[in-house]
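Novice: The structure under discussion is supplied below as C-alpha cells; questions concerning it will follow.
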Amino acid sequence: MGNLPNQVNFATAAGSQWAQTFQFTGVDLTGLAWEFVIRPAVADVAQPPLVKVTTTVTAQGQITVDLTAKTVQVVLTPAATTLLGKGARPYALWSNPGTATATTWCDGVFNSSLVPAP
C-alpha cells in the first residue's frame, strides 16, 4: 500500500442507500475490526459520530469483510444518509479503531445532497 490514508471523496443523495467496496491488495484482513465514521468536522471526537457503522448490523448500516476477495464493503442505510441532510463532512474507514494498531485506510469528504422524493 502507498501512503495511508488513501484519499477519496464520495457523494450520495440524503435518504438513499449508499455502498462502497474497498479492495485491499497485499493486506491480510484477518482479525481486523472495522469502523466507518462520518463526523461534522475533522477535529470532532464526540460520541457517537453522526454516522458510525461496524461489522455489527445496525439501523445505520454495516461493514462486510470478505477475507478471500480481500474486500471491505461499507453499506449505509437510508436512515443513516437522512441524518446527514445536505452538506460535506469528513469520513474515515478505520481498522482496529481505539487500539494501538488503529489504522486509517481511507478518508476524505462525504457529500450528501437533498433530492426530491420519488
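Ordering of the C-alpha cells sets the chain letters (A, B, ...); residue numbers start at 1 within each chain; ligands are numbered from 1 in the order shown.
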Need the shell around Thr71 of chain A: protein/DNA/RNA residues with any atom at most 9 Å away, counting only C-alpha atoms. Skip same-chain ones fewer than 2 positions apart. Format as JSON, numbers by chain?
Specialist: {"A": [21, 22, 23, 24, 25, 29, 64, 65, 66, 67, 68, 69, 73]}
Novice: What's the 8 Å shell around segment 53-56 of chain A, counting only C-alpha atoms, without same-chain residues fewer than 2 positions away, as a list in words?
Specialist: Ala33, Trp34, Glu35, Phe36, Val37, Val51, Thr58, Gln60, Gly61, Gln62, Ile63, Thr64, Val65, Val74 and Leu76 of chain A
Novice: Return as a ChimeraX atom specification the full set of residues in chain A whose backbone-based DSSP assignment is strand (DSSP E or B).
Specialist: /A:6-7,10-13,18-23,34-38,51-53,58,61-66,71-76,87-95,103-113
Novice: Which residue is closest to Gly87 of chain A? Choose from A:Ala46, A:Ile38, A:Val75, A:Ala117 and count only C-alpha atoms.
Specialist: A:Ile38
Novice: List the spatial neighbours of Ala79 of chain A as number ranges by chain - criterion: any atom at most 10 Å away, only C-alpha atoms, same-chain residues fewer than 2 positions off excluded.
Specialist: A: 14-17, 51, 59-61, 76-77, 81-84
Novice: For Pro116 of chain A, which residue out of A:Asn3, A:Ala13, A:Ala88, A:Ala43 is the nearest one, using only C-alpha atoms?
Specialist: A:Ala13
Novice: Report the distance between atom CA of Trp105 of chain A and atom CA of Val42 of chain A in Å, rounded to one decimal place.
Specialist: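 Calculated distance between atom CA of Trp105 of chain A and atom CA of Val42 of chain A is 15.4 Å.
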Novice: Quick one: of A:Ala11, A:Pro78, A:Lys52, A:Asp28, who's nearest to Pro97 of chain A, counting only C-alpha atoms?
Specialist: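 Among the listed residues, A:Lys52 lies closest to Pro97 of chain A.
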